[in-house]
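Here is data_21.cif, consisting of mmCIF, N, CA and C atoms:
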```
data_structure
loop_
_atom_site.group_PDB
_atom_site.id
_atom_site.type_symbol
_atom_site.label_atom_id
_atom_site.label_comp_id
_atom_site.auth_asym_id
_atom_site.auth_seq_id
_atom_site.Cartn_x
_atom_site.Cartn_y
_atom_site.Cartn_z
ATOM 1 N N MET G 254 216.723 -93.225 -46.086
ATOM 2 C CA MET G 254 215.709 -92.287 -45.658
ATOM 3 C C MET G 254 215.190 -91.511 -46.867
ATOM 4 N N TYR G 255 213.935 -91.103 -46.767
ATOM 5 C CA TYR G 255 213.299 -90.330 -47.829
ATOM 6 C C TYR G 255 212.506 -89.180 -47.227
ATOM 7 N N LEU G 256 212.667 -88.011 -47.831
ATOM 8 C CA LEU G 256 211.842 -86.866 -47.482
ATOM 9 C C LEU G 256 210.744 -86.751 -48.526
ATOM 10 N N PHE G 257 209.564 -86.437 -48.061
ATOM 11 C CA PHE G 257 208.443 -86.176 -48.955
ATOM 12 C C PHE G 257 207.946 -84.778 -48.622
ATOM 13 N N LEU G 258 208.065 -83.873 -49.596
ATOM 14 C CA LEU G 258 207.679 -82.477 -49.403
ATOM 15 C C LEU G 258 206.419 -82.178 -50.201
ATOM 16 N N VAL G 259 205.469 -81.538 -49.544
ATOM 17 C CA VAL G 259 204.236 -81.132 -50.206
ATOM 18 C C VAL G 259 204.083 -79.631 -49.998
ATOM 19 N N ASP G 260 204.080 -78.894 -51.096
ATOM 20 C CA ASP G 260 203.945 -77.437 -51.061
ATOM 21 C C ASP G 260 202.459 -77.091 -51.139
ATOM 22 N N LEU G 261 201.994 -76.290 -50.183
ATOM 23 C CA LEU G 261 200.571 -75.986 -50.066
ATOM 24 C C LEU G 261 200.359 -74.475 -50.006
ATOM 25 N N LYS G 262 199.522 -73.956 -50.867
ATOM 26 C CA LYS G 262 199.182 -72.524 -50.877
ATOM 27 C C LYS G 262 197.674 -72.426 -50.659
ATOM 28 N N VAL G 263 197.283 -71.962 -49.469
ATOM 29 C CA VAL G 263 195.880 -71.938 -49.074
ATOM 30 C C VAL G 263 195.142 -70.791 -49.769
ATOM 31 N N ALA G 264 193.950 -71.083 -50.249
ATOM 32 C CA ALA G 264 193.112 -70.049 -50.863
ATOM 33 C C ALA G 264 192.579 -69.112 -49.782
ATOM 34 N N ALA G 265 192.386 -67.870 -50.158
ATOM 35 C CA ALA G 265 191.861 -66.867 -49.224
ATOM 36 C C ALA G 265 190.531 -67.345 -48.645
ATOM 37 N N GLY G 266 190.378 -67.179 -47.355
ATOM 38 C CA GLY G 266 189.143 -67.565 -46.684
ATOM 39 C C GLY G 266 189.087 -69.011 -46.231
ATOM 40 N N ASN G 267 190.069 -69.820 -46.601
ATOM 41 C CA ASN G 267 190.062 -71.244 -46.232
ATOM 42 C C ASN G 267 191.088 -71.591 -45.162
ATOM 43 N N ARG G 268 191.755 -70.592 -44.610
ATOM 44 C CA ARG G 268 192.872 -70.860 -43.699
ATOM 45 C C ARG G 268 192.444 -71.627 -42.447
ATOM 46 N N LYS G 269 191.322 -71.258 -41.839
ATOM 47 C CA LYS G 269 190.874 -71.934 -40.614
ATOM 48 C C LYS G 269 190.546 -73.401 -40.895
ATOM 49 N N GLU G 270 189.770 -73.653 -41.938
ATOM 50 C CA GLU G 270 189.425 -75.033 -42.293
ATOM 51 C C GLU G 270 190.677 -75.819 -42.674
ATOM 52 N N PHE G 271 191.590 -75.172 -43.394
ATOM 53 C CA PHE G 271 192.852 -75.810 -43.764
ATOM 54 C C PHE G 271 193.632 -76.216 -42.509
ATOM 55 N N SER G 272 193.745 -75.309 -41.552
ATOM 56 C CA SER G 272 194.499 -75.594 -40.322
ATOM 57 C C SER G 272 193.905 -76.773 -39.569
ATOM 58 N N GLN G 273 192.590 -76.824 -39.464
ATOM 59 C CA GLN G 273 191.933 -77.934 -38.775
ATOM 60 C C GLN G 273 192.159 -79.248 -39.517
ATOM 61 N N THR G 274 192.029 -79.206 -40.826
ATOM 62 C CA THR G 274 192.225 -80.406 -41.642
ATOM 63 C C THR G 274 193.665 -80.895 -41.550
ATOM 64 N N MET G 275 194.620 -79.981 -41.672
ATOM 65 C CA MET G 275 196.029 -80.370 -41.645
ATOM 66 C C MET G 275 196.453 -80.872 -40.269
ATOM 67 N N ASP G 276 195.870 -80.334 -39.210
ATOM 68 C CA ASP G 276 196.171 -80.832 -37.867
ATOM 69 C C ASP G 276 195.827 -82.315 -37.780
ATOM 70 N N ALA G 277 194.661 -82.685 -38.273
ATOM 71 C CA ALA G 277 194.250 -84.090 -38.263
ATOM 72 C C ALA G 277 195.149 -84.933 -39.165
ATOM 73 N N ILE G 278 195.476 -84.426 -40.347
ATOM 74 C CA ILE G 278 196.316 -85.169 -41.291
ATOM 75 C C ILE G 278 197.709 -85.399 -40.714
ATOM 76 N N VAL G 279 198.322 -84.359 -40.176
ATOM 77 C CA VAL G 279 199.678 -84.489 -39.621
ATOM 78 C C VAL G 279 199.681 -85.469 -38.450
ATOM 79 N N ASN G 280 198.670 -85.416 -37.596
ATOM 80 C CA ASN G 280 198.603 -86.363 -36.475
ATOM 81 C C ASN G 280 198.445 -87.797 -36.960
ATOM 82 N N GLN G 281 197.671 -88.013 -38.020
ATOM 83 C CA GLN G 281 197.532 -89.356 -38.595
ATOM 84 C C GLN G 281 198.864 -89.850 -39.146
ATOM 85 N N ILE G 282 199.575 -88.979 -39.842
ATOM 86 C CA ILE G 282 200.871 -89.369 -40.405
ATOM 87 C C ILE G 282 201.836 -89.730 -39.283
ATOM 88 N N ARG G 283 201.882 -88.912 -38.237
ATOM 89 C CA ARG G 283 202.789 -89.167 -37.113
ATOM 90 C C ARG G 283 202.498 -90.489 -36.417
ATOM 91 N N SER G 284 201.275 -90.963 -36.498
ATOM 92 C CA SER G 284 200.919 -92.213 -35.828
ATOM 93 C C SER G 284 201.447 -93.443 -36.564
ATOM 94 N N GLN G 285 201.922 -93.269 -37.786
ATOM 95 C CA GLN G 285 202.459 -94.392 -38.550
ATOM 96 C C GLN G 285 203.887 -94.685 -38.103
ATOM 97 N N THR G 286 204.152 -95.921 -37.747
ATOM 98 C CA THR G 286 205.474 -96.274 -37.225
ATOM 99 C C THR G 286 206.578 -96.091 -38.261
ATOM 100 N N GLU G 287 206.250 -96.175 -39.546
ATOM 101 C CA GLU G 287 207.252 -96.027 -40.600
ATOM 102 C C GLU G 287 207.651 -94.574 -40.823
ATOM 103 N N CYS G 288 206.867 -93.654 -40.301
ATOM 104 C CA CYS G 288 207.145 -92.229 -40.468
ATOM 105 C C CYS G 288 208.033 -91.761 -39.326
ATOM 106 N N VAL G 289 209.193 -91.233 -39.669
ATOM 107 C CA VAL G 289 210.151 -90.751 -38.674
ATOM 108 C C VAL G 289 209.741 -89.372 -38.170
ATOM 109 N N LYS G 290 209.233 -88.534 -39.083
ATOM 110 C CA LYS G 290 208.889 -87.158 -38.723
ATOM 111 C C LYS G 290 207.812 -86.642 -39.662
ATOM 112 N N ALA G 291 206.923 -85.832 -39.115
ATOM 113 C CA ALA G 291 205.924 -85.128 -39.918
ATOM 114 C C ALA G 291 205.785 -83.726 -39.345
ATOM 115 N N THR G 292 206.045 -82.728 -40.178
ATOM 116 C CA THR G 292 206.027 -81.340 -39.731
ATOM 117 C C THR G 292 205.333 -80.476 -40.776
ATOM 118 N N LEU G 293 204.449 -79.609 -40.307
ATOM 119 C CA LEU G 293 203.826 -78.624 -41.179
ATOM 120 C C LEU G 293 204.477 -77.285 -40.882
ATOM 121 N N CYS G 294 205.133 -76.714 -41.888
ATOM 122 C CA CYS G 294 205.865 -75.449 -41.731
ATOM 123 C C CYS G 294 205.117 -74.341 -42.461
ATOM 124 N N GLN G 295 205.020 -73.176 -41.810
ATOM 125 C CA GLN G 295 204.366 -72.020 -42.416
ATOM 126 C C GLN G 295 205.413 -70.980 -42.778
ATOM 127 N N ASP G 296 205.277 -70.384 -43.945
ATOM 128 C CA ASP G 296 206.169 -69.315 -44.394
ATOM 129 C C ASP G 296 205.918 -68.075 -43.537
ATOM 130 N N ILE G 297 206.971 -67.501 -42.959
ATOM 131 C CA ILE G 297 206.783 -66.339 -42.089
ATOM 132 C C ILE G 297 206.440 -65.070 -42.869
ATOM 133 N N GLU G 298 206.697 -65.076 -44.168
ATOM 134 C CA GLU G 298 206.377 -63.905 -44.991
ATOM 135 C C GLU G 298 205.033 -64.024 -45.707
ATOM 136 N N ASP G 299 204.474 -65.217 -45.729
ATOM 137 C CA ASP G 299 203.195 -65.442 -46.410
ATOM 138 C C ASP G 299 202.398 -66.456 -45.601
ATOM 139 N N GLU G 300 201.434 -65.978 -44.843
ATOM 140 C CA GLU G 300 200.696 -66.853 -43.930
ATOM 141 C C GLU G 300 199.805 -67.869 -44.636
ATOM 142 N N THR G 301 199.732 -67.815 -45.957
ATOM 143 C CA THR G 301 198.950 -68.800 -46.698
ATOM 144 C C THR G 301 199.826 -69.867 -47.360
ATOM 145 N N SER G 302 201.137 -69.796 -47.162
ATOM 146 C CA SER G 302 202.062 -70.772 -47.753
ATOM 147 C C SER G 302 202.588 -71.722 -46.688
ATOM 148 N N PHE G 303 202.483 -73.023 -46.980
ATOM 149 C CA PHE G 303 202.907 -74.063 -46.054
ATOM 150 C C PHE G 303 203.700 -75.121 -46.806
ATOM 151 N N ILE G 304 204.524 -75.846 -46.066
ATOM 152 C CA ILE G 304 205.183 -77.040 -46.586
ATOM 153 C C ILE G 304 204.964 -78.151 -45.570
ATOM 154 N N LEU G 305 204.452 -79.271 -46.051
ATOM 155 C CA LEU G 305 204.336 -80.469 -45.229
ATOM 156 C C LEU G 305 205.572 -81.305 -45.518
ATOM 157 N N LEU G 306 206.360 -81.546 -44.497
ATOM 158 C CA LEU G 306 207.589 -82.324 -44.625
ATOM 159 C C LEU G 306 207.409 -83.617 -43.844
ATOM 160 N N THR G 307 207.556 -84.740 -44.524
ATOM 161 C CA THR G 307 207.533 -86.030 -43.840
ATOM 162 C C THR G 307 208.818 -86.776 -44.168
ATOM 163 N N GLU G 308 209.271 -87.556 -43.212
ATOM 164 C CA GLU G 308 210.507 -88.331 -43.364
ATOM 165 C C GLU G 308 210.166 -89.800 -43.152
ATOM 166 N N TRP G 309 210.634 -90.641 -44.071
ATOM 167 C CA TRP G 309 210.295 -92.066 -44.072
ATOM 168 C C TRP G 309 211.566 -92.902 -44.060
ATOM 169 N N THR G 310 211.532 -94.035 -43.370
ATOM 170 C CA THR G 310 212.710 -94.890 -43.256
ATOM 171 C C THR G 310 213.048 -95.577 -44.576
ATOM 172 N N ALA G 311 212.051 -95.934 -45.355
ATOM 173 C CA ALA G 311 212.288 -96.642 -46.616
ATOM 174 C C ALA G 311 211.313 -96.151 -47.681
ATOM 175 N N ARG G 312 211.732 -96.229 -48.917
ATOM 176 C CA ARG G 312 210.873 -95.779 -50.021
ATOM 177 C C ARG G 312 209.572 -96.574 -50.059
ATOM 178 N N LYS G 313 209.637 -97.866 -49.778
ATOM 179 C CA LYS G 313 208.414 -98.680 -49.811
ATOM 180 C C LYS G 313 207.398 -98.189 -48.792
ATOM 181 N N ASP G 314 207.877 -97.696 -47.646
ATOM 182 C CA ASP G 314 206.967 -97.151 -46.634
ATOM 183 C C ASP G 314 206.291 -95.884 -47.152
ATOM 184 N N LEU G 315 207.060 -95.033 -47.811
ATOM 185 C CA LEU G 315 206.501 -93.820 -48.402
ATOM 186 C C LEU G 315 205.506 -94.176 -49.504
ATOM 187 N N GLU G 316 205.857 -95.135 -50.344
ATOM 188 C CA GLU G 316 204.952 -95.548 -51.419
ATOM 189 C C GLU G 316 203.654 -96.113 -50.856
ATOM 190 N N ASN G 317 203.754 -96.895 -49.775
ATOM 191 C CA ASN G 317 202.549 -97.426 -49.134
ATOM 192 C C ASN G 317 201.671 -96.292 -48.618
ATOM 193 N N TYR G 318 202.295 -95.268 -48.043
ATOM 194 C CA TYR G 318 201.538 -94.115 -47.567
ATOM 195 C C TYR G 318 200.849 -93.406 -48.737
ATOM 196 N N ILE G 319 201.569 -93.203 -49.832
ATOM 197 C CA ILE G 319 201.002 -92.502 -50.988
ATOM 198 C C ILE G 319 199.812 -93.270 -51.568
ATOM 199 N N ARG G 320 199.822 -94.585 -51.467
ATOM 200 C CA ARG G 320 198.711 -95.409 -51.958
ATOM 201 C C ARG G 320 197.547 -95.479 -50.964
ATOM 202 N N SER G 321 197.751 -94.992 -49.756
ATOM 203 C CA SER G 321 196.768 -95.166 -48.681
ATOM 204 C C SER G 321 195.611 -94.169 -48.758
ATOM 205 N N ASP G 322 194.537 -94.524 -48.048
ATOM 206 C CA ASP G 322 193.401 -93.615 -47.911
ATOM 207 C C ASP G 322 193.810 -92.352 -47.166
ATOM 208 N N ARG G 323 194.768 -92.475 -46.252
ATOM 209 C CA ARG G 323 195.230 -91.303 -45.493
ATOM 210 C C ARG G 323 195.809 -90.244 -46.429
ATOM 211 N N PHE G 324 196.579 -90.681 -47.411
ATOM 212 C CA PHE G 324 197.106 -89.727 -48.387
ATOM 213 C C PHE G 324 195.974 -89.179 -49.247
ATOM 214 N N GLY G 325 194.973 -89.997 -49.510
ATOM 215 C CA GLY G 325 193.799 -89.535 -50.243
ATOM 216 C C GLY G 325 193.114 -88.368 -49.551
ATOM 217 N N VAL G 326 193.128 -88.372 -48.215
ATOM 218 C CA VAL G 326 192.554 -87.260 -47.453
ATOM 219 C C VAL G 326 193.341 -85.982 -47.733
ATOM 220 N N LEU G 327 194.671 -86.097 -47.778
ATOM 221 C CA LEU G 327 195.502 -84.934 -48.096
ATOM 222 C C LEU G 327 195.188 -84.423 -49.504
ATOM 223 N N LEU G 328 195.057 -85.328 -50.457
ATOM 224 C CA LEU G 328 194.703 -84.912 -51.818
ATOM 225 C C LEU G 328 193.335 -84.229 -51.837
ATOM 226 N N GLY G 329 192.418 -84.740 -51.028
ATOM 227 C CA GLY G 329 191.087 -84.144 -50.942
ATOM 228 C C GLY G 329 191.104 -82.740 -50.379
ATOM 229 N N ALA G 330 192.100 -82.454 -49.532
ATOM 230 C CA ALA G 330 192.230 -81.107 -48.962
ATOM 231 C C ALA G 330 192.644 -80.101 -50.025
ATOM 232 N N GLY G 331 192.971 -80.589 -51.204
ATOM 233 C CA GLY G 331 193.353 -79.707 -52.300
ATOM 234 C C GLY G 331 192.276 -78.698 -52.666
ATOM 235 N N CYS G 332 191.023 -78.994 -52.328
ATOM 236 C CA CYS G 332 189.936 -78.055 -52.629
ATOM 237 C C CYS G 332 190.060 -76.770 -51.813
ATOM 238 N N LEU G 333 190.888 -76.784 -50.758
ATOM 239 C CA LEU G 333 191.098 -75.605 -49.918
ATOM 240 C C LEU G 333 192.259 -74.746 -50.410
ATOM 241 N N LEU G 334 192.925 -75.208 -51.458
ATOM 242 C CA LEU G 334 194.156 -74.561 -51.903
ATOM 243 C C LEU G 334 193.931 -73.618 -53.080
ATOM 244 N N GLU G 335 194.836 -72.666 -53.181
ATOM 245 C CA GLU G 335 194.823 -71.715 -54.292
ATOM 246 C C GLU G 335 195.415 -72.342 -55.553
ATOM 247 N N HIS G 336 196.408 -73.224 -55.374
ATOM 248 C CA HIS G 336 197.093 -73.896 -56.479
ATOM 249 C C HIS G 336 197.076 -75.400 -56.225
ATOM 250 N N PRO G 337 197.209 -76.215 -57.261
ATOM 251 C CA PRO G 337 197.324 -77.660 -57.055
ATOM 252 C C PRO G 337 198.546 -77.989 -56.190
ATOM 253 N N LEU G 338 198.473 -79.123 -55.503
ATOM 254 C CA LEU G 338 199.600 -79.579 -54.691
ATOM 255 C C LEU G 338 200.852 -79.724 -55.549
ATOM 256 N N SER G 339 201.982 -79.350 -54.988
ATOM 257 C CA SER G 339 203.280 -79.582 -55.608
ATOM 258 C C SER G 339 204.035 -80.514 -54.666
ATOM 259 N N MET G 340 204.532 -81.642 -55.187
ATOM 260 C CA MET G 340 205.143 -82.657 -54.328
ATOM 261 C C MET G 340 206.512 -83.073 -54.843
ATOM 262 N N GLU G 341 207.401 -83.418 -53.893
ATOM 263 C CA GLU G 341 208.741 -83.907 -54.232
ATOM 264 C C GLU G 341 209.124 -85.043 -53.292
ATOM 265 N N ILE G 342 209.767 -86.067 -53.847
ATOM 266 C CA ILE G 342 210.366 -87.137 -53.051
ATOM 267 C C ILE G 342 211.874 -86.965 -53.158
ATOM 268 N N LEU G 343 212.528 -86.846 -52.012
ATOM 269 C CA LEU G 343 213.971 -86.611 -51.982
ATOM 270 C C LEU G 343 214.670 -87.709 -51.189
ATOM 271 N N PRO G 344 215.415 -88.598 -51.861
ATOM 272 C CA PRO G 344 216.197 -89.592 -51.123
ATOM 273 C C PRO G 344 217.434 -88.930 -50.538
ATOM 274 N N TYR G 345 217.787 -89.327 -49.335
ATOM 275 C CA TYR G 345 219.037 -88.795 -48.784
ATOM 276 C C TYR G 345 219.768 -89.890 -48.011
ATOM 277 N N PRO G 346 220.552 -90.680 -48.751
ATOM 278 C CA PRO G 346 221.269 -91.789 -48.125
ATOM 279 C C PRO G 346 222.472 -91.363 -47.296
ATOM 280 N N ASN G 347 223.064 -90.235 -47.601
ATOM 281 C CA ASN G 347 224.279 -89.806 -46.901
ATOM 282 C C ASN G 347 224.002 -88.532 -46.113
ATOM 283 N N VAL G 348 223.341 -88.693 -45.008
ATOM 284 C CA VAL G 348 222.955 -87.546 -44.198
ATOM 285 C C VAL G 348 224.030 -87.262 -43.162
ATOM 286 N N ALA G 349 224.408 -86.004 -43.063
ATOM 287 C CA ALA G 349 225.333 -85.575 -42.015
ATOM 288 C C ALA G 349 224.516 -84.848 -40.958
ATOM 289 N N GLY G 350 224.779 -85.141 -39.705
ATOM 290 C CA GLY G 350 224.012 -84.565 -38.615
ATOM 291 C C GLY G 350 224.655 -83.334 -38.006
ATOM 292 N N THR G 351 224.192 -83.003 -36.816
ATOM 293 C CA THR G 351 224.638 -81.812 -36.102
ATOM 294 C C THR G 351 226.149 -81.789 -35.910
ATOM 295 N N GLU G 352 226.734 -82.923 -35.562
ATOM 296 C CA GLU G 352 228.188 -82.966 -35.333
ATOM 297 C C GLU G 352 228.952 -82.542 -36.583
ATOM 298 N N ALA G 353 228.511 -83.002 -37.745
ATOM 299 C CA ALA G 353 229.184 -82.640 -38.993
ATOM 300 C C ALA G 353 229.048 -81.148 -39.275
ATOM 301 N N VAL G 354 227.889 -80.599 -38.990
ATOM 302 C CA VAL G 354 227.677 -79.165 -39.217
ATOM 303 C C VAL G 354 228.573 -78.348 -38.291
ATOM 304 N N LEU G 355 228.629 -78.728 -37.024
ATOM 305 C CA LEU G 355 229.472 -78.004 -36.068
ATOM 306 C C LEU G 355 230.950 -78.132 -36.413
ATOM 307 N N ALA G 356 231.349 -79.293 -36.940
ATOM 308 C CA ALA G 356 232.741 -79.485 -37.350
ATOM 309 C C ALA G 356 233.105 -78.529 -38.486
ATOM 310 N N MET G 357 232.165 -78.227 -39.356
ATOM 311 C CA MET G 357 232.412 -77.287 -40.452
ATOM 312 C C MET G 357 232.666 -75.877 -39.933
ATOM 313 N N ARG G 358 232.136 -75.575 -38.777
ATOM 314 C CA ARG G 358 232.295 -74.239 -38.199
ATOM 315 C C ARG G 358 233.666 -74.047 -37.562
ATOM 316 N N ARG G 359 234.364 -75.136 -37.321
ATOM 317 C CA ARG G 359 235.674 -75.042 -36.659
ATOM 318 C C ARG G 359 236.730 -74.574 -37.609
#
```
Go ahead and render the structure in this file as structure tokens.
Amino acid sequence: MYLFLVDLKVAAGNRKEFSQTMDAIVNQIRSQTECVKATLCQDIEDETSFILLTEWTARKDLENYIRSDRFGVLLGAGCLLEHPLSMEILPYPNVAGTEAVLAMRR
């Protein structure tokens, strides 16, 4: 599995257009069968800071997405941002789930 994180800081006055654009982008990502999860998270202390988190079954699927026109749309949304996109790819082969977390609490 691979996480792809995109840090987004919206420029003042662009929040409404950003929200509409990201709604369409996130829905497009979710429609891809190779994508396990796509979530847009907003910082509760800064309403202009967001993180787009996507989860992919294989690196090749993520790479195909990054090469796609759909990802190009996300890059194009950069004109609505205060800062350039910041992106990270995080592999996580050894994931522990809820049961492991609860076991730590015992």
What gap, in Å, lies between atom C of Glu341 of chain G and atom C of Val259 of chain G? 8.1 Å
Could you tell me, as a ChimeraX atom specification, exactly which residues end up selected when the PyMOL selection byres ((chain G and resi 258) around 6.5) is applied to this structure? /G:256-257,259-260,304-307,339-343
Could you write out as a ChimeraX atom specification the residues that the PyMOL selection byres ((chain G and resi 337) around 7) matches in the shown file? /G:260-262,331,334-336,338-339
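Against the coordinates shown, the PyMOL selection byres ((chain G and resi 265) around 8) returns G:Lys262, G:Val263, G:Ala264, G:Gly266, G:Asn267, G:Arg268, G:Lys269, G:Thr301, G:Leu333, G:Leu334, G:Glu335.
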If you run DSSP on the backbone, which residues of chain G are alpha helix (DSSP H), as JSON, numbers by chain? {"G": [268, 269, 270, 271, 272, 273, 274, 275, 276, 277, 278, 279, 280, 281, 282, 283, 312, 313, 314, 315, 316, 317, 318, 319, 320, 322, 323, 324, 325, 326, 327, 328, 329, 351, 352, 353, 354, 355, 356, 357, 358]}
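Taking only C-alpha atoms into account, Met254 of chain G lies nearest to G:Glu308 out of the set G:Glu287, G:Glu316, G:Glu308, G:Glu352.
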Those of chain G in DSSP strand (DSSP E or B), formatted as a short mmCIF file (atom, residue, chain, number, x, y, z; two decimals) with N, CA and C atoms, in the frame of the given file:
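Below you can see selection-v2.cif, which holds the result:
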```cif
data_model
loop_
_atom_site.label_atom_id
_atom_site.label_comp_id
_atom_site.auth_asym_id
_atom_site.auth_seq_id
_atom_site.Cartn_x
_atom_site.Cartn_y
_atom_site.Cartn_z
N TYR G 255 213.94 -91.10 -46.77
CA TYR G 255 213.30 -90.33 -47.83
C TYR G 255 212.51 -89.18 -47.23
N LEU G 256 212.67 -88.01 -47.83
CA LEU G 256 211.84 -86.87 -47.48
C LEU G 256 210.74 -86.75 -48.53
N PHE G 257 209.56 -86.44 -48.06
CA PHE G 257 208.44 -86.18 -48.96
C PHE G 257 207.95 -84.78 -48.62
N LEU G 258 208.06 -83.87 -49.60
CA LEU G 258 207.68 -82.48 -49.40
C LEU G 258 206.42 -82.18 -50.20
N VAL G 259 205.47 -81.54 -49.54
CA VAL G 259 204.24 -81.13 -50.21
C VAL G 259 204.08 -79.63 -50.00
N ASP G 260 204.08 -78.89 -51.10
CA ASP G 260 203.94 -77.44 -51.06
C ASP G 260 202.46 -77.09 -51.14
N LEU G 261 201.99 -76.29 -50.18
CA LEU G 261 200.57 -75.99 -50.07
C LEU G 261 200.36 -74.47 -50.01
N LYS G 262 199.52 -73.96 -50.87
CA LYS G 262 199.18 -72.52 -50.88
C LYS G 262 197.67 -72.43 -50.66
N VAL G 263 197.28 -71.96 -49.47
CA VAL G 263 195.88 -71.94 -49.07
C VAL G 263 195.14 -70.79 -49.77
N CYS G 288 206.87 -93.65 -40.30
CA CYS G 288 207.14 -92.23 -40.47
C CYS G 288 208.03 -91.76 -39.33
N VAL G 289 209.19 -91.23 -39.67
CA VAL G 289 210.15 -90.75 -38.67
C VAL G 289 209.74 -89.37 -38.17
N LYS G 290 209.23 -88.53 -39.08
CA LYS G 290 208.89 -87.16 -38.72
C LYS G 290 207.81 -86.64 -39.66
N ALA G 291 206.92 -85.83 -39.12
CA ALA G 291 205.92 -85.13 -39.92
C ALA G 291 205.78 -83.73 -39.34
N THR G 292 206.04 -82.73 -40.18
CA THR G 292 206.03 -81.34 -39.73
C THR G 292 205.33 -80.48 -40.78
N LEU G 293 204.45 -79.61 -40.31
CA LEU G 293 203.83 -78.62 -41.18
C LEU G 293 204.48 -77.28 -40.88
N CYS G 294 205.13 -76.71 -41.89
CA CYS G 294 205.86 -75.45 -41.73
C CYS G 294 205.12 -74.34 -42.46
N GLN G 295 205.02 -73.18 -41.81
CA GLN G 295 204.37 -72.02 -42.42
C GLN G 295 205.41 -70.98 -42.78
N SER G 302 201.14 -69.80 -47.16
CA SER G 302 202.06 -70.77 -47.75
C SER G 302 202.59 -71.72 -46.69
N PHE G 303 202.48 -73.02 -46.98
CA PHE G 303 202.91 -74.06 -46.05
C PHE G 303 203.70 -75.12 -46.81
N ILE G 304 204.52 -75.85 -46.07
CA ILE G 304 205.18 -77.04 -46.59
C ILE G 304 204.96 -78.15 -45.57
N LEU G 305 204.45 -79.27 -46.05
CA LEU G 305 204.34 -80.47 -45.23
C LEU G 305 205.57 -81.31 -45.52
N LEU G 306 206.36 -81.55 -44.50
CA LEU G 306 207.59 -82.32 -44.62
C LEU G 306 207.41 -83.62 -43.84
N THR G 307 207.56 -84.74 -44.52
CA THR G 307 207.53 -86.03 -43.84
C THR G 307 208.82 -86.78 -44.17
N GLU G 308 209.27 -87.56 -43.21
CA GLU G 308 210.51 -88.33 -43.36
C GLU G 308 210.17 -89.80 -43.15
N TRP G 309 210.63 -90.64 -44.07
CA TRP G 309 210.30 -92.07 -44.07
C TRP G 309 211.57 -92.90 -44.06
N LEU G 334 192.92 -75.21 -51.46
CA LEU G 334 194.16 -74.56 -51.90
C LEU G 334 193.93 -73.62 -53.08
N SER G 339 201.98 -79.35 -54.99
CA SER G 339 203.28 -79.58 -55.61
C SER G 339 204.04 -80.51 -54.67
N MET G 340 204.53 -81.64 -55.19
CA MET G 340 205.14 -82.66 -54.33
C MET G 340 206.51 -83.07 -54.84
N GLU G 341 207.40 -83.42 -53.89
CA GLU G 341 208.74 -83.91 -54.23
C GLU G 341 209.12 -85.04 -53.29
N ILE G 342 209.77 -86.07 -53.85
CA ILE G 342 210.37 -87.14 -53.05
C ILE G 342 211.87 -86.96 -53.16
N LEU G 343 212.53 -86.85 -52.01
CA LEU G 343 213.97 -86.61 -51.98
C LEU G 343 214.67 -87.71 -51.19
N PRO G 344 215.42 -88.60 -51.86
CA PRO G 344 216.20 -89.59 -51.12
C PRO G 344 217.43 -88.93 -50.54
#
```
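Proximity ranking of G:Tyr255, G:Trp309, G:Tyr345, G:Phe324 relative to Val289 of chain G places G:Trp309 first, based on all atoms listed in the file.
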Could you tell me how far atom N of Asp299 of chain G lies from atom C of Ser272 of chain G, in Å and to one decimal? 16.8 Å
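Relative to atom C of Gly325 of chain G, atom C of Ile278 of chain G is found at 10.4 Å.
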Calculate, to one decimal in Å, the centre and edge lengths of the box along x, y and z of the file that holds all listed atoms of segment 305-320 of chain G with 5 Å of margin on each side, and present them as JSON.
```
{"center_x": 205.3, "center_y": -89.0, "center_z": -47.6, "size_x": 25.5, "size_y": 29.4, "size_z": 18.8}
```
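Candidate residues G:Ile297, G:Lys290, G:Ala330, G:Arg359 were compared for distance to Thr274 of chain G, and the nearest is G:Ala330, using all atoms listed in the file.
With only N, CA and C atoms as the atoms that count, the minimum distance from Arg323 of chain G to the choices G:Ser302, G:Gln281, G:Thr292, G:Thr351 is reached by G:Gln281.
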Could you check which of G:Asp322, G:Phe303, G:Met357, G:Leu315 is closest to Thr286 of chain G, using only C-alpha atoms? G:Leu315
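Among the candidates G:Gly350, G:Leu355, G:Asn317, G:Leu327, the residue lying nearest to Ala277 of chain G is G:Leu327 (atoms considered: only C-alpha atoms).
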